[in-house]
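Note sheet for the following structure.
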Amino acid sequence: PLMSYQGAFIKDPTTEEIHQNLTVSSLGAEQLLDYFEHPDLRHKISVHFYINDELYVREITDGTKEYVQRSLIQPIPVGDLRKTLATEPTKVLALCDDPNLIDTLLLDLQTHYSPEEFYFTKSVATFLEATHPKVNKGAAVRYIAEDL
């Protein structure tokens, strides 16, 4: 099985069977989007939603282009990301060129939300990720070892 999104998504690459997809609630994703779209942040951050292993973005930014080169996934621009929330995202990703801003946002979000609401992490200095609170790589490996 292939484990991705910090362990939120486990899929068999041969059969395409999805064994696990722990998602962020649509309400939670909308709250994060509201936070990231604050006028002081909106033009500093590029927000991406991963839904059903596809990448949805508001628009194609320079940050999005750089991310696409790194991840080799084709982004789907949709304008208002709220239009995608009929399906819960596996991951909410905020990108910013300023690692200090990402650090500040991470600390702020960790004080506003409990660990039971979201799991926040930085996969690299300029990527802030929000996933289901039970997501972590260790739990995913345990799931694969014990349940598959």
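We name chains A, B, ... following the order of the structure tokens; residues begin at 1 in each chain, and ligands are numbered from 1 as shown.
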**Q.** Surrounding residues of Asp53 of chain A excluding itself and chain neighbours under 4 positions, 10 Å, only C-alpha atoms, as a PyMOL selection string
**A.** chain A and resi 4-5+9+21+49+73+89-91
Could you turn the residues from that selection into a file that holds C-alpha atoms, as a PDB file, in the first residue's frame?
ATOM      1  CA  SER A   4       0.527   9.667   1.657  1.00  0.00           C
ATOM      2  CA  TYR A   5      -0.634  12.982   3.142  1.00  0.00           C
ATOM      3  CA  PHE A   9      -4.477   8.395   2.708  1.00  0.00           C
ATOM      4  CA  ASN A  21      -8.858   8.393   3.786  1.00  0.00           C
ATOM      5  CA  PHE A  49      -6.942  21.417  -1.049  1.00  0.00           C
ATOM      6  CA  ILE A  73       0.580  16.762  -9.803  1.00  0.00           C
ATOM      7  CA  PRO A  89     -10.360  17.392   1.763  1.00  0.00           C
ATOM      8  CA  THR A  90      -7.660  14.986   2.861  1.00  0.00           C
ATOM      9  CA  LYS A  91      -5.276  17.875   3.393  1.00  0.00           C
TER      10      LYS A  91
END
Q.
Among segment 63-129 of chain A, which residues does DSSP mark as strand (DSSP E) when it is run on the backbone? Keep the chain and numbering as in the structure and answer as a PyMOL selection string.
A. chain A and resi 75-77+91-95+119-124+127-129
Take the selection from the previous step and output its residues with N, CA and C atoms, as a short mmCIF file (atom, residue, chain, number, x, y, z; two decimals), in the first residue's frame.
data_model
loop_
_atom_site.label_atom_id
_atom_site.label_comp_id
_atom_site.auth_asym_id
_atom_site.auth_seq_id
_atom_site.Cartn_x
_atom_site.Cartn_y
_atom_site.Cartn_z
N PRO A 75 -2.56 20.80 -10.97
CA PRO A 75 -3.55 21.52 -10.16
C PRO A 75 -4.82 21.81 -10.95
N ILE A 76 -5.91 21.88 -10.21
CA ILE A 76 -7.21 22.20 -10.81
C ILE A 76 -7.66 23.54 -10.23
N PRO A 77 -7.56 24.63 -11.01
CA PRO A 77 -7.99 25.94 -10.49
C PRO A 77 -9.52 26.02 -10.48
N LYS A 91 -6.27 16.96 2.84
CA LYS A 91 -5.28 17.88 3.39
C LYS A 91 -5.55 19.29 2.92
N VAL A 92 -5.34 20.26 3.83
CA VAL A 92 -5.33 21.67 3.48
C VAL A 92 -3.87 22.10 3.57
N LEU A 93 -3.37 22.66 2.48
CA LEU A 93 -1.97 23.05 2.40
C LEU A 93 -1.89 24.55 2.13
N ALA A 94 -1.12 25.24 2.97
CA ALA A 94 -0.86 26.66 2.77
C ALA A 94 0.61 26.83 2.42
N LEU A 95 0.88 27.49 1.31
CA LEU A 95 2.24 27.72 0.84
C LEU A 95 2.58 29.20 0.96
N TYR A 119 -4.56 18.27 12.93
CA TYR A 119 -3.13 18.00 13.08
C TYR A 119 -2.42 18.98 12.15
N PHE A 120 -1.63 19.89 12.72
CA PHE A 120 -0.88 20.86 11.94
C PHE A 120 0.58 20.44 11.91
N THR A 121 1.20 20.60 10.74
CA THR A 121 2.61 20.28 10.62
C THR A 121 3.21 21.11 9.48
N LYS A 122 4.53 21.20 9.50
CA LYS A 122 5.28 21.78 8.39
C LYS A 122 6.06 20.64 7.76
N SER A 123 5.77 20.33 6.51
CA SER A 123 6.54 19.27 5.84
C SER A 123 7.86 19.82 5.34
N VAL A 124 7.87 21.07 4.95
CA VAL A 124 9.10 21.82 4.66
C VAL A 124 8.87 23.22 5.22
N PHE A 127 5.77 25.11 3.83
CA PHE A 127 4.50 24.38 3.68
C PHE A 127 3.87 24.18 5.05
N LEU A 128 2.68 24.69 5.24
CA LEU A 128 1.90 24.44 6.45
C LEU A 128 0.75 23.52 6.06
N GLU A 129 0.66 22.37 6.73
CA GLU A 129 -0.35 21.38 6.39
C GLU A 129 -1.32 21.20 7.54
#
Q: Enumerate the residues of chain A with a DSSP assignment of alpha helix (DSSP H), computed from the backbone, and present them as an NGL selection string.
A: :A and (26-36 or 62-71 or 99-112 or 137-147)
Q) How many Å lie between atom CA of Glu17 of chain A and atom CA of Leu148 of chain A, rounded to one decimal? A)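 Atom CA of Leu148 of chain A lies at a distance of 11.8 Å from atom CA of Glu17 of chain A.
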**Q.** Close residues, Thr23 of chain A itself excluded, 10 Å, only C-alpha atoms, min 6 positions apart in chain, as a list of chain:residue names
**A.** A:Ala8, A:Phe9, A:Ala29, A:Tyr50, A:Ile51, A:Asn52, A:Thr87, A:Glu88, A:Pro89, A:Thr90, A:Lys91, A:Val92, A:Ala130, A:Thr131, A:His132, A:Pro133, A:Lys134, A:Val135
Take the residues that were just selected and, keeping all heavy atoms, output them as a compact mmCIF listing (two decimals), in the first residue's frame.
# COMPACT_ATOMS: atom_id res chain seq x y z
N ALA A 8 -2.64 10.11 6.09
CA ALA A 8 -4.11 10.21 6.03
C ALA A 8 -4.71 9.33 4.94
O ALA A 8 -5.84 8.88 5.06
CB ALA A 8 -4.52 11.66 5.78
N PHE A 9 -3.96 9.06 3.91
CA PHE A 9 -4.48 8.39 2.71
C PHE A 9 -3.64 7.15 2.44
O PHE A 9 -2.43 7.25 2.26
CB PHE A 9 -4.38 9.36 1.53
CG PHE A 9 -5.12 8.96 0.30
CD1 PHE A 9 -6.49 9.14 0.19
CD2 PHE A 9 -4.44 8.45 -0.79
CE1 PHE A 9 -7.17 8.80 -0.97
CE2 PHE A 9 -5.10 8.11 -1.96
CZ PHE A 9 -6.47 8.29 -2.04
N ALA A 29 -12.29 22.89 7.08
CA ALA A 29 -11.57 23.40 5.90
C ALA A 29 -12.04 24.81 5.58
O ALA A 29 -11.23 25.68 5.23
CB ALA A 29 -11.78 22.48 4.71
N TYR A 50 -6.31 19.09 -1.12
CA TYR A 50 -6.23 17.77 -1.74
C TYR A 50 -7.54 17.06 -1.47
O TYR A 50 -7.90 16.83 -0.31
CB TYR A 50 -5.07 16.95 -1.16
CG TYR A 50 -3.77 17.19 -1.86
CD1 TYR A 50 -2.84 18.07 -1.36
CD2 TYR A 50 -3.47 16.52 -3.04
CE1 TYR A 50 -1.63 18.28 -2.00
CE2 TYR A 50 -2.27 16.72 -3.70
CZ TYR A 50 -1.35 17.61 -3.17
OH TYR A 50 -0.16 17.80 -3.81
N ILE A 51 -8.26 16.72 -2.53
CA ILE A 51 -9.53 16.02 -2.42
C ILE A 51 -9.48 14.82 -3.36
O ILE A 51 -9.24 14.98 -4.56
CB ILE A 51 -10.72 16.94 -2.78
CG1 ILE A 51 -10.75 18.15 -1.84
CG2 ILE A 51 -12.03 16.17 -2.74
CD1 ILE A 51 -11.76 19.21 -2.23
N ASN A 52 -9.72 13.64 -2.80
CA ASN A 52 -9.67 12.41 -3.60
C ASN A 52 -8.40 12.31 -4.44
O ASN A 52 -8.44 11.97 -5.62
CB ASN A 52 -10.92 12.27 -4.48
CG ASN A 52 -12.16 12.07 -3.64
OD1 ASN A 52 -12.12 11.44 -2.59
ND2 ASN A 52 -13.27 12.62 -4.08
N THR A 87 -17.12 17.67 -0.91
CA THR A 87 -16.30 16.52 -0.54
C THR A 87 -15.21 17.02 0.39
O THR A 87 -14.54 18.02 0.10
CB THR A 87 -15.65 15.88 -1.79
OG1 THR A 87 -16.69 15.55 -2.72
CG2 THR A 87 -14.86 14.65 -1.43
N GLU A 88 -15.03 16.34 1.51
CA GLU A 88 -14.05 16.77 2.50
C GLU A 88 -12.62 16.56 1.98
O GLU A 88 -12.32 15.51 1.41
CB GLU A 88 -14.24 16.01 3.81
CG GLU A 88 -15.56 16.31 4.47
CD GLU A 88 -15.77 15.52 5.75
OE1 GLU A 88 -15.14 14.47 5.97
OE2 GLU A 88 -16.60 15.98 6.57
N PRO A 89 -11.74 17.54 2.21
CA PRO A 89 -10.36 17.39 1.76
C PRO A 89 -9.54 16.48 2.69
O PRO A 89 -9.78 16.43 3.89
CB PRO A 89 -9.81 18.81 1.80
CG PRO A 89 -10.67 19.55 2.77
CD PRO A 89 -12.01 18.87 2.74
N THR A 90 -8.60 15.79 2.09
CA THR A 90 -7.66 14.99 2.86
C THR A 90 -6.64 15.89 3.53
O THR A 90 -6.22 15.64 4.65
CB THR A 90 -6.93 13.98 1.95
OG1 THR A 90 -7.91 13.21 1.27
CG2 THR A 90 -6.02 13.07 2.74
N LYS A 91 -6.27 16.96 2.84
CA LYS A 91 -5.28 17.88 3.39
C LYS A 91 -5.55 19.29 2.92
O LYS A 91 -5.94 19.51 1.77
CB LYS A 91 -3.87 17.45 2.96
CG LYS A 91 -2.77 18.37 3.41
CD LYS A 91 -1.38 17.82 3.16
CE LYS A 91 -0.96 17.83 1.75
NZ LYS A 91 0.46 17.44 1.57
N VAL A 92 -5.34 20.26 3.83
CA VAL A 92 -5.33 21.67 3.48
C VAL A 92 -3.87 22.10 3.57
O VAL A 92 -3.22 21.91 4.59
CB VAL A 92 -6.20 22.49 4.46
CG1 VAL A 92 -6.10 23.98 4.14
CG2 VAL A 92 -7.65 22.02 4.43
N ALA A 130 -2.59 21.04 7.22
CA ALA A 130 -3.63 20.72 8.20
C ALA A 130 -4.33 19.46 7.73
O ALA A 130 -4.76 19.36 6.58
CB ALA A 130 -4.63 21.87 8.30
N THR A 131 -4.41 18.49 8.65
CA THR A 131 -5.07 17.22 8.34
C THR A 131 -5.97 16.82 9.50
O THR A 131 -6.04 17.49 10.53
CB THR A 131 -4.02 16.11 8.08
OG1 THR A 131 -3.16 16.01 9.22
CG2 THR A 131 -3.20 16.38 6.84
N HIS A 132 -6.64 15.70 9.33
CA HIS A 132 -7.47 15.10 10.37
C HIS A 132 -6.62 14.94 11.63
O HIS A 132 -5.44 14.61 11.55
CB HIS A 132 -7.97 13.74 9.86
CG HIS A 132 -8.94 13.07 10.76
ND1 HIS A 132 -8.56 12.39 11.89
CD2 HIS A 132 -10.29 12.99 10.70
CE1 HIS A 132 -9.61 11.90 12.49
NE2 HIS A 132 -10.68 12.25 11.78
N PRO A 133 -7.20 15.14 12.80
CA PRO A 133 -6.40 15.10 14.04
C PRO A 133 -5.75 13.76 14.34
O PRO A 133 -4.75 13.71 15.07
CB PRO A 133 -7.40 15.48 15.13
CG PRO A 133 -8.74 15.26 14.54
CD PRO A 133 -8.60 15.46 13.06
N LYS A 134 -6.24 12.67 13.80
CA LYS A 134 -5.65 11.36 14.09
C LYS A 134 -4.57 10.96 13.08
O LYS A 134 -4.06 9.85 13.15
CB LYS A 134 -6.74 10.29 14.14
CG LYS A 134 -7.68 10.46 15.31
CD LYS A 134 -8.68 9.35 15.39
CE LYS A 134 -9.59 9.56 16.60
NZ LYS A 134 -10.60 8.53 16.70
N VAL A 135 -4.22 11.87 12.19
CA VAL A 135 -3.25 11.55 11.15
C VAL A 135 -1.84 11.68 11.68
O VAL A 135 -1.47 12.66 12.30
CB VAL A 135 -3.44 12.50 9.94
CG1 VAL A 135 -2.26 12.42 8.99
CG2 VAL A 135 -4.72 12.17 9.22
(Q) For a test of reading the model, state the distance in Å between atom CA of Gly138 of chain A and atom CA of Gly7 of chain A, rounded to one decimal. (A) 7.8 Å
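Interatomic distance, atom CA of Gly79 of chain A against atom CA of Val57 of chain A: 7.3 Å.
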List as a PDB file with all heavy atoms, in the first residue's frame the protein and nucleic acid residues near Val78 of chain A, meaning an atom at most 12 Å away when only C-alpha atoms are counted, but skip any in the same chain fewer than 2 places from it.
ATOM      1  N   VAL A  47      -3.367  28.707  -1.038  1.00  0.00           N
ATOM      2  CA  VAL A  47      -4.048  27.613  -0.348  1.00  0.00           C
ATOM      3  C   VAL A  47      -4.409  26.529  -1.355  1.00  0.00           C
ATOM      4  O   VAL A  47      -4.932  26.816  -2.430  1.00  0.00           O
ATOM      5  CB  VAL A  47      -5.321  28.111   0.376  1.00  0.00           C
ATOM      6  CG1 VAL A  47      -6.008  26.964   1.101  1.00  0.00           C
ATOM      7  CG2 VAL A  47      -4.977  29.229   1.346  1.00  0.00           C
ATOM      8  N   HIS A  48      -4.111  25.297  -0.982  1.00  0.00           N
ATOM      9  CA  HIS A  48      -4.395  24.135  -1.828  1.00  0.00           C
ATOM     10  C   HIS A  48      -5.194  23.122  -1.021  1.00  0.00           C
ATOM     11  O   HIS A  48      -4.905  22.904   0.151  1.00  0.00           O
ATOM     12  CB  HIS A  48      -3.092  23.464  -2.278  1.00  0.00           C
ATOM     13  CG  HIS A  48      -2.207  24.343  -3.097  1.00  0.00           C
ATOM     14  ND1 HIS A  48      -0.973  23.931  -3.528  1.00  0.00           N
ATOM     15  CD2 HIS A  48      -2.362  25.592  -3.588  1.00  0.00           C
ATOM     16  CE1 HIS A  48      -0.408  24.888  -4.247  1.00  0.00           C
ATOM     17  NE2 HIS A  48      -1.234  25.908  -4.283  1.00  0.00           N
ATOM     18  N   PHE A  49      -6.178  22.521  -1.643  1.00  0.00           N
ATOM     19  CA  PHE A  49      -6.942  21.417  -1.049  1.00  0.00           C
ATOM     20  C   PHE A  49      -6.623  20.150  -1.827  1.00  0.00           C
ATOM     21  O   PHE A  49      -6.688  20.147  -3.061  1.00  0.00           O
ATOM     22  CB  PHE A  49      -8.452  21.647  -1.160  1.00  0.00           C
ATOM     23  CG  PHE A  49      -9.034  22.661  -0.228  1.00  0.00           C
ATOM     24  CD1 PHE A  49     -10.385  22.989  -0.330  1.00  0.00           C
ATOM     25  CD2 PHE A  49      -8.295  23.305   0.747  1.00  0.00           C
ATOM     26  CE1 PHE A  49     -10.970  23.906   0.510  1.00  0.00           C
ATOM     27  CE2 PHE A  49      -8.876  24.234   1.597  1.00  0.00           C
ATOM     28  CZ  PHE A  49     -10.208  24.540   1.479  1.00  0.00           C
ATOM     29  N   LEU A  55      -5.455  17.825  -6.659  1.00  0.00           N
ATOM     30  CA  LEU A  55      -5.055  19.111  -6.095  1.00  0.00           C
ATOM     31  C   LEU A  55      -5.936  20.235  -6.635  1.00  0.00           C
ATOM     32  O   LEU A  55      -5.940  20.503  -7.840  1.00  0.00           O
ATOM     33  CB  LEU A  55      -3.587  19.387  -6.430  1.00  0.00           C
ATOM     34  CG  LEU A  55      -3.021  20.716  -5.957  1.00  0.00           C
ATOM     35  CD1 LEU A  55      -3.037  20.802  -4.433  1.00  0.00           C
ATOM     36  CD2 LEU A  55      -1.612  20.905  -6.500  1.00  0.00           C
ATOM     37  N   TYR A  56      -6.656  20.884  -5.726  1.00  0.00           N
ATOM     38  CA  TYR A  56      -7.515  22.011  -6.082  1.00  0.00           C
ATOM     39  C   TYR A  56      -6.914  23.297  -5.537  1.00  0.00           C
ATOM     40  O   TYR A  56      -6.471  23.347  -4.389  1.00  0.00           O
ATOM     41  CB  TYR A  56      -8.927  21.818  -5.513  1.00  0.00           C
ATOM     42  CG  TYR A  56      -9.659  20.672  -6.151  1.00  0.00           C
ATOM     43  CD1 TYR A  56      -9.514  19.370  -5.673  1.00  0.00           C
ATOM     44  CD2 TYR A  56     -10.482  20.883  -7.251  1.00  0.00           C
ATOM     45  CE1 TYR A  56     -10.171  18.314  -6.266  1.00  0.00           C
ATOM     46  CE2 TYR A  56     -11.145  19.822  -7.857  1.00  0.00           C
ATOM     47  CZ  TYR A  56     -10.985  18.545  -7.354  1.00  0.00           C
ATOM     48  OH  TYR A  56     -11.635  17.501  -7.947  1.00  0.00           O
ATOM     49  N   VAL A  57      -6.888  24.325  -6.375  1.00  0.00           N
ATOM     50  CA  VAL A  57      -6.327  25.615  -5.996  1.00  0.00           C
ATOM     51  C   VAL A  57      -7.286  26.722  -6.411  1.00  0.00           C
ATOM     52  O   VAL A  57      -8.105  26.545  -7.317  1.00  0.00           O
ATOM     53  CB  VAL A  57      -4.940  25.848  -6.643  1.00  0.00           C
ATOM     54  CG1 VAL A  57      -3.950  24.793  -6.193  1.00  0.00           C
ATOM     55  CG2 VAL A  57      -5.030  25.877  -8.157  1.00  0.00           C
ATOM     56  N   ARG A  58      -7.157  27.862  -5.726  1.00  0.00           N
ATOM     57  CA  ARG A  58      -7.968  29.024  -6.111  1.00  0.00           C
ATOM     58  C   ARG A  58      -7.539  29.489  -7.496  1.00  0.00           C
ATOM     59  O   ARG A  58      -8.350  29.736  -8.374  1.00  0.00           O
ATOM     60  CB  ARG A  58      -7.798  30.124  -5.064  1.00  0.00           C
ATOM     61  CG  ARG A  58      -8.535  31.400  -5.402  1.00  0.00           C
ATOM     62  CD  ARG A  58      -8.417  32.471  -4.333  1.00  0.00           C
ATOM     63  NE  ARG A  58      -7.029  32.789  -4.067  1.00  0.00           N
ATOM     64  CZ  ARG A  58      -6.504  32.973  -2.861  1.00  0.00           C
ATOM     65  NH1 ARG A  58      -7.254  32.877  -1.804  1.00  0.00           N
ATOM     66  NH2 ARG A  58      -5.239  33.264  -2.714  1.00  0.00           N
ATOM     67  N   GLU A  59      -6.217  29.639  -7.656  1.00  0.00           N
ATOM     68  CA  GLU A  59      -5.644  30.081  -8.924  1.00  0.00           C
ATOM     69  C   GLU A  59      -4.222  29.545  -9.008  1.00  0.00           C
ATOM     70  O   GLU A  59      -3.643  29.126  -8.009  1.00  0.00           O
ATOM     71  CB  GLU A  59      -5.647  31.605  -9.008  1.00  0.00           C
ATOM     72  CG  GLU A  59      -4.830  32.255  -7.901  1.00  0.00           C
ATOM     73  CD  GLU A  59      -5.002  33.763  -7.820  1.00  0.00           C
ATOM     74  OE1 GLU A  59      -5.662  34.337  -8.703  1.00  0.00           O
ATOM     75  OE2 GLU A  59      -4.469  34.358  -6.877  1.00  0.00           O
ATOM     76  N   ILE A  60      -3.680  29.581 -10.190  1.00  0.00           N
ATOM     77  CA  ILE A  60      -2.304  29.132 -10.390  1.00  0.00           C
ATOM     78  C   ILE A  60      -1.379  30.305 -10.068  1.00  0.00           C
ATOM     79  O   ILE A  60      -1.348  31.292 -10.801  1.00  0.00           O
ATOM     80  CB  ILE A  60      -2.057  28.641 -11.835  1.00  0.00           C
ATOM     81  CG1 ILE A  60      -3.072  27.563 -12.241  1.00  0.00           C
ATOM     82  CG2 ILE A  60      -0.619  28.160 -11.986  1.00  0.00           C
ATOM     83  CD1 ILE A  60      -2.950  26.267 -11.503  1.00  0.00           C
ATOM     84  N   PRO A  75      -2.558  20.800 -10.971  1.00  0.00           N
ATOM     85  CA  PRO A  75      -3.545  21.522 -10.157  1.00  0.00           C
ATOM     86  C   PRO A  75      -4.820  21.809 -10.945  1.00  0.00           C
ATOM     87  O   PRO A  75      -4.794  21.955 -12.172  1.00  0.00           O
ATOM     88  CB  PRO A  75      -2.823  22.815  -9.795  1.00  0.00           C
ATOM     89  CG  PRO A  75      -1.875  23.044 -10.925  1.00  0.00           C
ATOM     90  CD  PRO A  75      -1.459  21.661 -11.402  1.00  0.00           C
ATOM     91  N   ILE A  76      -5.911  21.882 -10.215  1.00  0.00           N
ATOM     92  CA  ILE A  76      -7.206  22.198 -10.806  1.00  0.00           C
ATOM     93  C   ILE A  76      -7.661  23.540 -10.233  1.00  0.00           C
ATOM     94  O   ILE A  76      -8.063  23.618  -9.070  1.00  0.00           O
ATOM     95  CB  ILE A  76      -8.245  21.104 -10.486  1.00  0.00           C
ATOM     96  CG1 ILE A  76      -7.747  19.738 -10.977  1.00  0.00           C
ATOM     97  CG2 ILE A  76      -9.610  21.458 -11.078  1.00  0.00           C
ATOM     98  CD1 ILE A  76      -8.540  18.564 -10.434  1.00  0.00           C
ATOM     99  N   ASP A  80     -13.079  30.083  -6.103  1.00  0.00           N
ATOM    100  CA  ASP A  80     -13.381  29.946  -4.680  1.00  0.00           C
ATOM    101  C   ASP A  80     -13.305  28.469  -4.278  1.00  0.00           C
ATOM    102  O   ASP A  80     -14.098  27.650  -4.746  1.00  0.00           O
ATOM    103  CB  ASP A  80     -14.774  30.502  -4.395  1.00  0.00           C
ATOM    104  CG  ASP A  80     -15.118  30.540  -2.919  1.00  0.00           C
ATOM    105  OD1 ASP A  80     -14.303  30.083  -2.079  1.00  0.00           O
ATOM    106  OD2 ASP A  80     -16.205  31.040  -2.595  1.00  0.00           O
ATOM    107  N   LEU A  81     -12.368  28.147  -3.404  1.00  0.00           N
ATOM    108  CA  LEU A  81     -12.194  26.757  -2.970  1.00  0.00           C
ATOM    109  C   LEU A  81     -13.415  26.221  -2.216  1.00  0.00           C
ATOM    110  O   LEU A  81     -13.574  25.014  -2.091  1.00  0.00           O
ATOM    111  CB  LEU A  81     -10.936  26.632  -2.101  1.00  0.00           C
ATOM    112  CG  LEU A  81      -9.623  26.655  -2.871  1.00  0.00           C
ATOM    113  CD1 LEU A  81      -8.447  26.863  -1.930  1.00  0.00           C
ATOM    114  CD2 LEU A  81      -9.448  25.376  -3.649  1.00  0.00           C
ATOM    115  N   ARG A  82     -14.266  27.094  -1.737  1.00  0.00           N
ATOM    116  CA  ARG A  82     -15.471  26.630  -1.042  1.00  0.00           C
ATOM    117  C   ARG A  82     -16.354  25.771  -1.949  1.00  0.00           C
ATOM    118  O   ARG A  82     -17.096  24.926  -1.486  1.00  0.00           O
ATOM    119  CB  ARG A  82     -16.262  27.818  -0.501  1.00  0.00           C
ATOM    120  CG  ARG A  82     -15.619  28.469   0.699  1.00  0.00           C
ATOM    121  CD  ARG A  82     -16.231  29.848   1.003  1.00  0.00           C
ATOM    122  NE  ARG A  82     -15.501  30.502   2.062  1.00  0.00           N
ATOM    123  CZ  ARG A  82     -14.334  31.124   1.901  1.00  0.00           C
ATOM    124  NH1 ARG A  82     -13.768  31.179   0.706  1.00  0.00           N
ATOM    125  NH2 ARG A  82     -13.721  31.697   2.917  1.00  0.00           N
ATOM    126  N   LYS A  83     -16.241  25.987  -3.263  1.00  0.00           N
ATOM    127  CA  LYS A  83     -17.026  25.200  -4.223  1.00  0.00           C
ATOM    128  C   LYS A  83     -16.670  23.725  -4.188  1.00  0.00           C
ATOM    129  O   LYS A  83     -17.439  22.892  -4.649  1.00  0.00           O
ATOM    130  CB  LYS A  83     -16.824  25.734  -5.641  1.00  0.00           C
ATOM    131  CG  LYS A  83     -17.395  27.107  -5.879  1.00  0.00           C
ATOM    132  CD  LYS A  83     -17.368  27.474  -7.343  1.00  0.00           C
ATOM    133  CE  LYS A  83     -16.019  27.989  -7.754  1.00  0.00           C
ATOM    134  NZ  LYS A  83     -15.974  28.509  -9.128  1.00  0.00           N
ATOM    135  N   THR A  84     -15.503  23.384  -3.651  1.00  0.00           N
ATOM    136  CA  THR A  84     -15.059  21.992  -3.630  1.00  0.00           C
ATOM    137  C   THR A  84     -15.483  21.257  -2.367  1.00  0.00           C
ATOM    138  O   THR A  84     -15.297  20.049  -2.270  1.00  0.00           O
ATOM    139  CB  THR A  84     -13.522  21.906  -3.722  1.00  0.00           C
ATOM    140  OG1 THR A  84     -12.940  22.457  -2.536  1.00  0.00           O
ATOM    141  CG2 THR A  84     -12.999  22.633  -4.948  1.00  0.00           C
ATOM    142  N   LEU A  85     -16.034  21.974  -1.403  1.00  0.00           N
ATOM    143  CA  LEU A  85     -16.227  21.397  -0.070  1.00  0.00           C
ATOM    144  C   LEU A  85     -17.445  20.491   0.073  1.00  0.00           C
ATOM    145  O   LEU A  85     -17.764  20.060   1.177  1.00  0.00           O
ATOM    146  CB  LEU A  85     -16.233  22.493   0.992  1.00  0.00           C
ATOM    147  CG  LEU A  85     -14.866  23.139   1.204  1.00  0.00           C
ATOM    148  CD1 LEU A  85     -14.957  24.284   2.204  1.00  0.00           C
ATOM    149  CD2 LEU A  85     -13.838  22.104   1.639  1.00  0.00           C
TER     150      LEU A  85
END
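With only C-alpha atoms taken into account, the protein and nucleic acid residues at most 6 Å from Lys11 of chain A (excluding it and anything under 3 positions from it in its own chain) are Pro1, Leu2, Glu17, Ile18 and His19 of chain A.
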Dump N, CA, C and O atoms for the selected residues as a PDB file, in the first residue's frame?
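Output (out.pdb):
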ATOM      1  N   PRO A   1       0.821  -1.204   0.000  1.00  0.00           N
ATOM      2  CA  PRO A   1       0.000   0.000   0.000  1.00  0.00           C
ATOM      3  C   PRO A   1       0.864   1.267   0.000  1.00  0.00           C
ATOM      4  O   PRO A   1       1.967   1.274   0.557  1.00  0.00           O
ATOM      5  N   LEU A   2       0.345   2.291  -0.593  1.00  0.00           N
ATOM      6  CA  LEU A   2       1.001   3.583  -0.649  1.00  0.00           C
ATOM      7  C   LEU A   2       0.390   4.477   0.426  1.00  0.00           C
ATOM      8  O   LEU A   2      -0.828   4.634   0.492  1.00  0.00           O
ATOM      9  N   GLU A  17      -7.526   0.426  -4.774  1.00  0.00           N
ATOM     10  CA  GLU A  17      -8.394   0.381  -3.600  1.00  0.00           C
ATOM     11  C   GLU A  17      -7.877   1.341  -2.538  1.00  0.00           C
ATOM     12  O   GLU A  17      -6.698   1.329  -2.196  1.00  0.00           O
ATOM     13  N   ILE A  18      -8.787   2.167  -2.023  1.00  0.00           N
ATOM     14  CA  ILE A  18      -8.444   3.095  -0.948  1.00  0.00           C
ATOM     15  C   ILE A  18      -8.746   2.403   0.372  1.00  0.00           C
ATOM     16  O   ILE A  18      -9.885   2.015   0.640  1.00  0.00           O
ATOM     17  N   HIS A  19      -7.719   2.216   1.175  1.00  0.00           N
ATOM     18  CA  HIS A  19      -7.866   1.545   2.468  1.00  0.00           C
ATOM     19  C   HIS A  19      -8.216   2.527   3.573  1.00  0.00           C
ATOM     20  O   HIS A  19      -8.875   2.149   4.548  1.00  0.00           O
TER      21      HIS A  19
END
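Excluding Asp108 of chain A and any residue on its chain fewer than 4 positions from it, the residues at most 12 Å away by only C-alpha atoms are Leu32, Tyr35, Phe36, Leu101, Ile102, Asp103, Thr104, His112, Tyr113, Ser114, Phe120 and Leu128 of chain A.
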With N, CA and C atoms retained, export the selected residues as a compact mmCIF listing (two decimals), in the first residue's frame.
# COMPACT_ATOMS: atom_id res chain seq x y z
N LEU A 32 -10.45 27.21 8.07
CA LEU A 32 -9.06 27.47 7.72
C LEU A 32 -8.96 28.38 6.51
N TYR A 35 -9.51 31.85 7.57
CA TYR A 35 -8.31 32.34 8.25
C TYR A 35 -7.25 32.74 7.22
N PHE A 36 -6.96 31.87 6.26
CA PHE A 36 -5.92 32.14 5.28
C PHE A 36 -6.30 33.23 4.29
N LEU A 101 6.73 33.52 8.33
CA LEU A 101 5.27 33.65 8.35
C LEU A 101 4.62 32.29 8.58
N ILE A 102 5.15 31.25 7.94
CA ILE A 102 4.61 29.90 8.16
C ILE A 102 4.75 29.52 9.63
N ASP A 103 5.90 29.81 10.24
CA ASP A 103 6.09 29.52 11.66
C ASP A 103 5.07 30.26 12.52
N THR A 104 4.85 31.53 12.21
CA THR A 104 3.89 32.35 12.96
C THR A 104 2.48 31.79 12.81
N HIS A 112 -5.27 28.41 18.48
CA HIS A 112 -6.71 28.57 18.21
C HIS A 112 -7.47 27.25 18.13
N TYR A 113 -6.77 26.19 17.77
CA TYR A 113 -7.42 24.89 17.59
C TYR A 113 -6.74 23.85 18.46
N SER A 114 -7.52 22.93 18.96
CA SER A 114 -6.98 21.86 19.81
C SER A 114 -6.45 20.72 18.93
N PHE A 120 -1.63 19.89 12.72
CA PHE A 120 -0.88 20.86 11.94
C PHE A 120 0.58 20.44 11.91
N LEU A 128 2.68 24.69 5.24
CA LEU A 128 1.90 24.44 6.45
C LEU A 128 0.75 23.52 6.06
